[in-house]
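Colleague: For reference, this is work-v8.cif, and it has mmCIF, C-alpha atoms and all ligand atoms.
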```
data_target
loop_
_atom_site.label_atom_id
_atom_site.label_comp_id
_atom_site.auth_asym_id
_atom_site.auth_seq_id
_atom_site.Cartn_x
_atom_site.Cartn_y
_atom_site.Cartn_z
CA MET A 1 -85.02 -34.17 36.03
CA ASP A 2 -87.27 -32.05 38.18
CA TYR A 3 -89.15 -29.23 36.45
CA ARG A 4 -90.89 -26.43 38.34
CA PHE A 5 -93.16 -23.63 37.22
CA LEU A 6 -92.29 -20.13 38.42
CA PRO A 7 -94.93 -17.41 37.90
CA LYS A 8 -93.78 -14.28 36.01
CA LYS A 9 -93.60 -12.04 39.06
CA GLY A 10 -91.55 -14.67 40.88
CA LEU A 11 -88.41 -13.92 38.89
CA SER A 12 -87.70 -10.54 40.45
CA LEU A 13 -88.39 -11.97 43.91
CA PHE A 14 -85.96 -14.76 43.16
CA VAL A 15 -83.22 -12.40 41.94
CA ASP A 16 -83.80 -10.09 44.95
CA GLY A 17 -83.40 -13.14 47.18
CA LEU A 18 -80.17 -14.15 45.45
CA LEU A 19 -78.79 -10.63 45.80
CA LYS A 20 -78.89 -10.94 49.59
CA ASP A 21 -76.19 -13.61 49.57
CA PHE A 22 -74.45 -13.41 46.20
CA LYS A 23 -73.03 -11.07 43.65
CA VAL A 24 -75.21 -11.67 40.62
CA TYR A 25 -73.81 -11.36 37.11
CA GLY A 26 -75.95 -11.62 34.01
CA PRO A 27 -76.49 -10.34 30.48
CA VAL A 28 -77.45 -6.66 30.20
CA LYS A 29 -77.61 -4.40 27.17
CA MET A 30 -74.64 -2.13 26.66
CA ASP A 31 -74.25 0.00 23.50
CA GLY A 32 -76.87 -2.24 21.91
CA PHE A 33 -75.03 -5.48 22.66
CA PRO A 34 -75.48 -8.10 25.38
CA VAL A 35 -72.67 -7.98 27.92
CA TYR A 36 -72.26 -9.90 31.18
CA GLU A 37 -72.17 -7.42 34.04
CA GLU A 38 -73.05 -7.26 37.71
CA VAL A 39 -76.79 -6.61 38.16
CA SER A 40 -78.80 -5.22 41.05
CA SER A 41 -82.30 -6.32 39.97
CA ALA A 42 -84.05 -8.73 37.63
CA LYS A 43 -85.23 -5.80 35.50
CA GLU A 44 -81.72 -5.31 34.15
CA LEU A 45 -81.39 -8.90 32.91
CA LEU A 46 -81.88 -9.85 29.28
CA LEU A 47 -83.58 -13.22 29.26
CA MET A 48 -83.37 -14.00 25.57
CA HIS A 49 -80.38 -12.42 23.97
CA SER A 50 -78.03 -12.92 21.09
CA PRO A 51 -74.58 -14.33 21.92
CA SER A 52 -72.35 -12.00 23.92
CA HIS A 53 -68.94 -11.08 22.51
CA ILE A 54 -67.07 -11.67 25.76
CA THR A 55 -67.85 -14.84 27.63
CA PRO A 56 -68.98 -15.28 31.24
CA LYS A 57 -65.73 -17.24 31.69
CA LYS A 58 -64.26 -13.98 33.03
CA TYR A 59 -66.05 -14.56 36.37
CA LEU A 60 -64.31 -17.89 36.91
CA PHE A 61 -61.01 -17.15 35.24
CA PRO A 62 -60.50 -13.36 35.31
CA GLN A 63 -58.50 -11.68 32.57
CA ARG A 64 -56.00 -10.53 35.21
CA GLU A 65 -55.71 -12.18 38.57
CA THR A 66 -53.30 -11.86 41.49
CA LEU A 67 -51.89 -15.26 42.44
CA LEU A 68 -49.70 -14.27 45.35
CA ARG A 69 -48.35 -11.24 47.17
CA PHE A 70 -44.85 -11.14 48.56
CA LYS A 71 -42.55 -9.08 50.72
CA THR A 72 -38.77 -9.14 50.50
CA GLY A 73 -36.24 -8.24 53.19
CA GLU A 74 -34.91 -10.09 56.19
CA LYS A 75 -38.17 -11.94 56.75
CA PRO A 76 -39.57 -12.57 53.30
CA GLN A 77 -43.27 -13.37 53.22
CA VAL A 78 -45.48 -14.96 50.60
CA GLU A 79 -49.25 -14.82 50.84
CA HIS A 80 -51.34 -16.85 48.46
CA ALA A 81 -54.19 -14.81 47.01
CA ALA A 82 -57.26 -16.83 46.10
CA ASP A 83 -60.06 -14.36 46.71
CA ALA A 84 -63.52 -15.56 45.74
CA ASP A 85 -67.00 -14.18 46.42
CA ASN A 86 -70.21 -16.14 46.41
CA GLN A 87 -71.55 -15.45 42.95
CA VAL A 88 -74.41 -16.34 40.65
CA LEU A 89 -73.88 -16.43 36.91
CA PHE A 90 -77.36 -15.85 35.53
CA GLY A 91 -78.43 -16.30 31.93
CA ILE A 92 -75.67 -18.66 30.84
CA HIS A 93 -76.36 -20.17 27.43
CA PRO A 94 -76.02 -23.93 26.78
CA CYS A 95 -72.75 -23.53 24.82
CA ASP A 96 -71.19 -21.60 27.70
CA ILE A 97 -72.44 -24.18 30.20
CA HIS A 98 -70.59 -26.81 28.16
CA ALA A 99 -67.52 -24.55 28.05
CA ILE A 100 -67.53 -24.21 31.84
CA ARG A 101 -67.72 -28.00 32.13
CA LEU A 102 -64.54 -28.21 30.01
CA LEU A 103 -62.77 -25.51 32.03
CA ASP A 104 -63.68 -27.41 35.22
CA ARG A 105 -61.81 -30.42 33.82
CA VAL A 106 -58.83 -28.36 32.69
CA PHE A 107 -58.32 -26.58 35.99
CA ALA A 108 -58.74 -29.77 38.04
CA TYR A 109 -56.27 -31.68 35.85
CA GLY A 110 -52.77 -32.41 37.18
CA THR A 111 -51.96 -29.90 39.90
CA PRO A 112 -55.38 -28.44 40.71
CA ASP A 113 -55.70 -24.72 40.08
CA VAL A 114 -56.72 -23.47 43.52
CA ASN A 115 -57.84 -20.04 42.34
CA TYR A 116 -60.21 -21.36 39.69
CA LEU A 117 -61.55 -24.20 41.80
CA ARG A 118 -62.24 -22.00 44.81
CA ARG A 119 -64.15 -19.54 42.67
CA ARG A 120 -66.02 -22.35 40.93
CA GLU A 121 -67.07 -23.83 44.25
CA LYS A 122 -68.65 -20.52 45.19
CA THR A 123 -70.48 -20.13 41.89
CA ILE A 124 -74.09 -20.92 41.06
CA ILE A 125 -74.84 -21.37 37.36
CA ILE A 126 -78.31 -20.45 36.13
CA GLY A 127 -78.83 -21.21 32.46
CA THR A 128 -81.25 -19.71 29.96
CA GLU A 129 -82.11 -20.52 26.36
CA CYS A 130 -81.02 -18.56 23.30
CA LEU A 131 -81.56 -18.29 19.56
CA PRO A 132 -78.72 -18.74 17.06
CA ASP A 133 -77.32 -16.02 14.82
CA LYS A 134 -75.45 -16.68 11.57
CA PHE A 135 -72.22 -17.61 13.41
CA CYS A 136 -73.63 -20.08 15.96
CA PHE A 137 -73.13 -23.77 15.23
CA CYS A 138 -73.62 -25.48 18.60
CA ARG A 139 -76.04 -27.88 16.91
CA SER A 140 -73.08 -29.29 14.93
CA VAL A 141 -71.01 -30.04 18.04
CA ASN A 142 -73.78 -31.36 20.30
CA THR A 143 -73.92 -28.38 22.64
CA MET A 144 -77.25 -26.89 21.58
CA THR A 145 -78.88 -27.97 24.82
CA ALA A 146 -77.50 -28.53 28.28
CA ALA A 147 -78.77 -31.53 30.24
CA ASN A 148 -76.69 -30.86 33.34
CA ASP A 149 -73.70 -28.85 34.58
CA PHE A 150 -75.99 -26.06 35.81
CA ASP A 151 -77.72 -25.49 39.14
CA LEU A 152 -80.92 -24.17 37.59
CA PHE A 153 -82.06 -23.59 34.04
CA ILE A 154 -84.81 -21.03 33.49
CA HIS A 155 -86.86 -20.82 30.31
CA ASP A 156 -89.56 -18.23 29.61
CA ILE A 157 -92.74 -20.01 28.49
CA GLY A 158 -94.97 -16.97 28.30
CA ALA A 159 -97.23 -17.28 31.34
CA GLY A 160 -94.21 -17.85 33.56
CA PHE A 161 -90.91 -19.70 33.66
CA LEU A 162 -90.10 -23.35 33.40
CA VAL A 163 -87.28 -24.04 35.83
CA LYS A 164 -85.16 -27.17 35.46
CA ILE A 165 -83.47 -28.18 38.68
CA GLY A 166 -79.88 -29.23 38.07
CA THR A 167 -78.48 -29.58 41.59
CA GLU A 168 -79.63 -29.75 45.20
CA LYS A 169 -77.94 -26.38 45.75
CA GLY A 170 -80.03 -24.85 42.97
CA LYS A 171 -83.21 -26.42 44.29
CA GLU A 172 -82.55 -25.15 47.80
CA LEU A 173 -82.02 -21.60 46.53
CA LEU A 174 -85.17 -21.68 44.44
CA PHE A 175 -87.31 -23.08 47.23
CA ARG A 176 -85.86 -20.65 49.76
CA HIS A 177 -86.76 -17.53 47.81
CA VAL A 178 -89.92 -18.21 45.79
CA LYS A 179 -93.02 -20.35 45.58
CA THR A 180 -93.06 -22.69 42.63
CA ARG A 181 -95.16 -25.69 41.70
CA LYS A 182 -94.48 -28.87 39.76
CA ALA A 183 -94.55 -28.08 36.03
CA THR A 184 -97.22 -29.78 33.93
CA ILE A 185 -96.41 -31.98 30.92
CA LYS A 186 -97.80 -29.25 28.69
CA GLU A 187 -95.42 -26.70 30.20
CA ILE A 188 -92.43 -29.02 29.86
CA SER A 189 -93.33 -29.72 26.23
CA LYS A 190 -92.91 -25.99 25.50
CA LEU A 191 -89.17 -26.40 26.00
CA VAL A 192 -89.15 -29.35 23.59
CA GLU A 193 -91.04 -27.22 21.04
CA PHE A 194 -88.58 -24.39 21.58
CA HIS A 195 -85.64 -26.72 20.90
CA LYS A 196 -87.25 -27.85 17.63
CA LYS A 197 -87.66 -24.24 16.56
CA LYS A 198 -84.10 -23.43 17.59
CA GLU A 199 -82.74 -26.43 15.70
CA SER A 200 -84.38 -25.26 12.49
CA MET A 201 -82.84 -21.78 12.74
CA PHE A 202 -79.16 -22.60 12.25
CA THR A 203 -77.58 -21.40 9.05
CA ALA A 204 -74.00 -22.34 9.98
CA SER A 205 -73.29 -26.02 10.10
CA ILE A 206 -70.29 -28.36 10.08
CA ASN A 207 -70.63 -30.99 7.36
CA ALA A 208 -69.46 -33.98 9.40
CA GLU A 209 -70.28 -35.81 12.59
CA PRO A 210 -68.51 -34.25 15.59
CA SER A 211 -66.87 -37.60 16.43
CA THR A 212 -65.05 -37.57 13.06
CA LEU A 213 -63.51 -34.12 13.49
CA PRO A 214 -60.36 -35.22 15.38
CA LEU A 215 -59.55 -37.57 12.49
CA ILE A 216 -60.24 -34.90 9.89
CA TYR A 217 -57.99 -32.46 11.70
CA SER A 218 -55.25 -35.04 12.21
CA GLY A 219 -55.03 -35.44 8.44
CA SER A 220 -55.02 -31.71 7.73
CA TYR A 221 -51.51 -30.77 8.84
CA ASP A 222 -50.31 -30.08 5.29
CA SER A 223 -53.47 -28.47 4.03
CA PRO A 224 -52.92 -25.27 2.01
CA VAL A 225 -55.75 -23.77 4.05
CA TRP A 226 -53.34 -22.76 6.82
CA GLU A 227 -51.09 -20.74 4.60
CA GLU A 228 -54.08 -19.20 2.86
CA ILE A 229 -55.69 -17.91 6.06
CA GLY A 230 -52.30 -17.15 7.58
CA LYS A 231 -51.82 -14.56 4.82
CA ILE A 232 -54.87 -12.55 5.88
CA CYS A 233 -54.83 -13.09 9.67
CA TYR A 234 -53.63 -10.07 11.68
CA GLY A 235 -52.41 -12.19 14.58
CA CYS A 236 -54.49 -9.92 16.84
CA GLY A 237 -55.59 -12.71 19.20
CA SER A 238 -59.22 -11.54 19.35
CA CYS A 239 -60.33 -15.09 18.59
CA ASN A 240 -58.49 -16.30 21.72
CA LEU A 241 -59.83 -13.48 23.82
CA VAL A 242 -63.50 -14.19 23.10
CA CYS A 243 -63.33 -17.99 23.20
CA PRO A 244 -65.06 -19.61 26.19
CA THR A 245 -62.69 -22.59 26.15
CA CYS A 246 -59.33 -20.81 25.67
CA TYR A 247 -57.59 -20.94 29.01
CA CYS A 248 -53.92 -20.08 28.37
CA PHE A 249 -52.36 -17.48 30.59
CA ASP A 250 -49.02 -15.83 31.24
CA VAL A 251 -47.58 -15.42 34.74
CA ARG A 252 -45.77 -12.17 35.56
CA ASP A 253 -44.25 -10.47 38.59
CA ASP A 254 -44.91 -6.86 39.46
CA ILE A 255 -42.40 -5.49 41.97
CA SER A 256 -42.56 -2.08 43.64
CA LEU A 257 -39.76 0.38 42.85
CA ASN A 258 -38.29 0.06 46.32
CA MET A 259 -38.09 -3.72 45.79
CA LYS A 260 -39.81 -4.34 49.12
CA ASP A 261 -43.01 -5.94 47.94
CA GLY A 262 -44.84 -7.06 44.92
CA GLU A 263 -47.30 -9.49 43.46
CA ARG A 264 -47.37 -12.37 41.04
CA TYR A 265 -50.33 -12.28 38.70
CA ARG A 266 -51.61 -14.06 35.64
CA VAL A 267 -53.18 -12.58 32.52
CA TRP A 268 -54.93 -14.23 29.61
CA ASP A 269 -52.60 -15.12 26.78
CA GLY A 270 -53.42 -16.26 23.26
CA CYS A 271 -51.77 -18.72 20.89
CA LEU A 272 -52.44 -16.40 17.95
CA LEU A 273 -50.14 -13.75 19.41
CA GLU A 274 -46.66 -13.68 17.95
CA ASP A 275 -44.77 -14.10 21.23
CA PHE A 276 -46.88 -16.94 22.58
CA ALA A 277 -44.56 -19.73 21.45
CA LYS A 278 -41.35 -17.70 21.60
CA VAL A 279 -38.75 -19.14 23.96
CA ALA A 280 -35.42 -18.03 25.38
CA GLY A 281 -32.91 -17.32 22.64
CA GLY A 282 -35.65 -15.92 20.42
CA HIS A 283 -36.72 -19.18 18.78
CA ASN A 284 -40.40 -19.23 17.92
CA PHE A 285 -42.05 -22.63 17.63
CA ARG A 286 -44.95 -21.18 15.63
CA LYS A 287 -43.47 -18.30 13.76
CA THR A 288 -46.06 -17.84 11.05
CA ARG A 289 -49.68 -16.89 11.52
CA GLY A 290 -50.69 -19.93 9.48
CA GLU A 291 -48.89 -22.21 11.96
CA ARG A 292 -50.56 -20.46 14.85
CA LEU A 293 -54.01 -20.78 13.30
CA ARG A 294 -53.42 -24.47 12.61
CA HIS A 295 -52.41 -24.92 16.21
CA ARG A 296 -55.50 -23.13 17.56
CA PHE A 297 -57.94 -25.03 15.37
CA ASN A 298 -56.30 -28.33 16.27
CA ARG A 299 -56.54 -27.48 19.97
CA LYS A 300 -60.28 -27.14 19.49
CA PHE A 301 -60.91 -30.23 17.38
CA GLN A 302 -58.10 -32.68 18.00
CA PHE A 303 -55.39 -32.20 20.63
CA GLN A 304 -57.60 -31.77 23.68
CA VAL A 305 -60.17 -34.41 22.85
CA ASP A 306 -58.48 -37.47 24.36
CA LYS A 307 -57.13 -35.60 27.34
CA PHE A 308 -60.38 -33.99 28.40
CA GLY A 309 -63.00 -36.20 26.78
CA GLY A 310 -64.64 -33.91 24.25
CA LEU A 311 -64.23 -31.36 21.49
CA PHE A 312 -62.89 -28.08 22.76
CA CYS A 313 -65.11 -26.03 20.54
CA VAL A 314 -68.65 -25.51 21.82
CA GLY A 315 -69.89 -23.84 18.63
CA CYS A 316 -70.54 -20.38 20.06
CA GLY A 317 -69.21 -18.74 16.89
CA ARG A 318 -67.52 -15.97 18.88
CA CYS A 319 -64.13 -16.33 17.16
CA SER A 320 -65.74 -15.95 13.72
CA ARG A 321 -67.90 -13.08 14.97
CA ALA A 322 -64.87 -11.23 16.34
CA CYS A 323 -62.48 -11.78 13.46
CA LEU A 324 -61.80 -8.60 11.50
CA VAL A 325 -60.84 -10.51 8.36
CA ASN A 326 -63.73 -12.97 8.47
CA ILE A 327 -61.79 -16.13 9.22
CA ASN A 328 -64.69 -18.42 9.99
CA ILE A 329 -64.17 -21.62 11.95
CA VAL A 330 -67.11 -23.41 10.30
CA GLU A 331 -65.99 -22.54 6.77
CA ILE A 332 -62.41 -23.63 7.48
CA THR A 333 -63.56 -26.91 9.04
CA ASN A 334 -65.86 -27.59 6.09
CA LYS A 335 -62.98 -26.92 3.71
CA LEU A 336 -60.86 -29.52 5.53
CA ILE A 337 -63.76 -31.99 5.42
CA GLU A 338 -64.08 -31.43 1.68
CA GLU A 339 -60.33 -31.92 1.18
CA ARG A 340 -60.53 -35.19 3.03
CA GLU A 341 -63.57 -36.40 1.09
CA THR A 342 -62.31 -35.43 -2.35
CA GLY A 343 -58.61 -35.91 -1.75
CA LYS A 344 -58.12 -32.52 -3.43
CA LYS A 345 -56.05 -29.88 -1.73
CA GLU A 346 -56.42 -26.58 -3.55
S1 LIG I 401 -63.29 -21.98 18.88
FE1 LIG I 401 -64.65 -20.28 18.30
S2 LIG I 401 -66.65 -21.22 18.03
FE2 LIG I 401 -65.38 -22.70 19.15
S3 LIG I 401 -65.79 -22.31 21.30
FE3 LIG I 401 -64.02 -21.05 20.79
S4 LIG I 401 -64.87 -19.07 20.15
FE4 LIG I 401 -66.56 -20.54 20.18
S1 LIG I 402 -59.35 -12.80 15.25
FE1 LIG I 402 -58.97 -13.26 13.07
S2 LIG I 402 -57.33 -11.85 12.48
FE2 LIG I 402 -57.33 -11.90 14.75
S3 LIG I 402 -55.86 -13.53 15.26
FE3 LIG I 402 -57.88 -14.51 15.20
S4 LIG I 402 -58.05 -15.30 13.09
FE4 LIG I 402 -56.36 -13.79 13.08
#
```
Starting from the file, give its structure as structure tokens.

Modeller:
Amino acid sequence: MDYRFLPKKGLSLFVDGLLKDFKVYGPVKMDGFPVYEEVSSAKELLLMHSPSHITPKKYLFPQRETLLRFKTGEKPQVEHAADADNQVLFGIHPCDIHAIRLLDRVFAYGTPDVNYLRRREKTIIIGTECLPDKFCFCRSVNTMTAANDFDLFIHDIGAGFLVKIGTEKGKELLFRHVKTRKATIKEISKLVEFHKKKESMFTASINAEPSTLPLIYSGSYDSPVWEEIGKICYGCGSCNLVCPTCYCFDVRDDISLNMKDGERYRVWDGCLLEDFAKVAGGHNFRKTRGERLRHRFNRKFQFQVDKFGGLFCVGCGRCSRACLVNINIVEITNKLIEERETGKKE
């Protein structure tokens, strides 16, 4: 992989250059918390920040999105809406880079999702490093670093920035806007040192190899854990909302009062919400909150693995961070591991 050195002052020049052709979204501070927002200069960007509550997924798969517009009447018309701007997602952490890789697979699977894929095609991903808080566990699911799936990856090494080139597109943008030079071995080793430091900082950890988790989950269907956490869960769906790999949505029609036109749109949905698995006739396939939690956890660690070639949890810790009743995905997983190892289900 090609590494370049970008002097400190080069970053604002680079972002100014990007702003000429792209909308740029990155982490900024809002009410004391990092939030991904549109930026108009490099000064606004947080380069080393704690995990954001809401994920940058919203720029590829918006919370609400028009799919088509239609007109009724003698000559009905349907217009497919797949609007997409050229955009740069700046400051994307390794876990979210892995999550985007998974979403790319999901939305290309079967009938390709034109809206997502068009937006993705027009998106440049620029990664940055991060430090874990008490909820992060990316180290346990092999997503602590990102080797590819970004266009550029920028890491502050004090005197300037180490820039990893991920794609030709990223390289072309970098070279077009700023002067860089080949990074020295010493500069590259700063990233290795950073990773060692980062690795030693995790307090949350899953007590099993990631490759064993599908098996552990497949044997956990009857665990009392589900009923236990089902009793305290509010069914609020916050865990779905903040997850970078949750991609379920509902499709609805919105028709004007005069019935002459309208639009079909999709909105994020969540499997923890009561109506998610309710079907015509009122039957609910996952009536209890315990069943819904079991389903969600299994989607992350078992069901999706064969289909999409990897765990569907990237260890960002957002669901645990957002949960009002402290249901913690690492603690639950470790409980299931313990049940499997000891054979005891308490
Ligand atoms: S399940 Fe939780 S920890 Fe895993 S990716 Fe989703 S929000 Fe992050
Ligand atoms: S965030 Fe917590 S309380 Fe809300 S649905 Fe998820 S697990 Fe239940």

Colleague: Dump the neighbourhood of ligand LIG 401 (chain I) as a count of residues only: all residues within 9 Å, distances computed on all atoms listed in the file.

Modeller: 34

Colleague: Tell me, counting all atoms listed in the file, for each residue of region 135-250 of chain A within 6 Å of region 259-282 of chain A, which pair of atoms is nearest and how far apart they are in Å to one decimal, in rows ordered by chain and increasing number, as a tab-separated table.

Modeller:
```
residue	atom	partner	partner_atom	distance
A:Gly235	CA	A:Leu272	CA	5.4
A:Gly237	CA	A:Leu272	CA	5.0
A:Asn240	CA	A:Gly270	CA	5.3
A:Cys248	CA	A:Asp269	CA	5.4
A:Phe249	CA	A:Trp268	CA	4.3
A:Asp250	CA	A:Arg266	CA	5.4
```

Colleague: So, counting all atoms listed in the file, which residue among A:Ala147, A:Val141, A:Ile188, A:Leu215 is closest to Tyr3 (chain A)?

Modeller: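 That would be A:Ile188, the residue with the smallest distance to Tyr3 (chain A).
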
Colleague: Let me make sure I understand: among A:Thr288, A:Gln302, A:Ser205, A:Thr55, which one has the smallest atom-to-atom distance to ligand LIG 402 (chain I) if we use all atoms listed in the file?

Modeller: A:Thr288

Colleague: May I ask for the distance between CA of Leu11 (chain A) and CA of Val88 (chain A), given in Å to one decimal place?

Modeller: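 Going from CA of Leu11 (chain A) over to CA of Val88 (chain A) covers 14.3 Å.
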
Colleague: Could you name the residues that touch Ile124 (chain A) at 7 Å or less, counting all atoms listed in the file, but leaving out those on the same chain fewer than 4 positions away, as a PDB file with C-alpha atoms, in the coordinates of the input?

Modeller:
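The resulting selection-v1.pdb:
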```
ATOM      1  CA  GLN A  87     -71.550 -15.450  42.950  1.00  0.00           C
ATOM      2  CA  VAL A  88     -74.410 -16.340  40.650  1.00  0.00           C
ATOM      3  CA  LEU A  89     -73.880 -16.430  36.910  1.00  0.00           C
ATOM      4  CA  ASP A 151     -77.720 -25.490  39.140  1.00  0.00           C
TER       5      ASP A 151
END
```

Colleague: As an exercise, work out the distance from CA of Val78 (chain A) to CA of Asp113 (chain A) in Å and give it to one decimal place.

Modeller: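 CA of Asp113 (chain A) lies at a distance of 17.6 Å from CA of Val78 (chain A).
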
Colleague: Could you pull the residues within 9 Å of Val35 (chain A), counting all atoms listed in the file, minus those fewer than 3 positions along the same chain, as a PyMOL selection string?

Modeller: chain A and resi 26-30+51-56

Colleague: Point out the residue among A:Lys307, A:Lys164, A:Lys182, A:Lys345 with the least atom-to-atom distance to Asp149 (chain A), counting all atoms listed in the file.

Modeller: A:Lys164

Colleague: Find the distance between CA of Met201 (chain A) and CA of Phe153 (chain A) and write it in Å to one decimal.

Modeller: 21.4 Å

Colleague: Find the spatial neighbours of region 167-175 of chain A, counting all atoms listed in the file, within a cut-off of 8 Å - ignore same-chain residues fewer than 5 positions away - and output them as a PyMOL selection string.

Modeller: chain A and resi 14+18+124+150-152+180
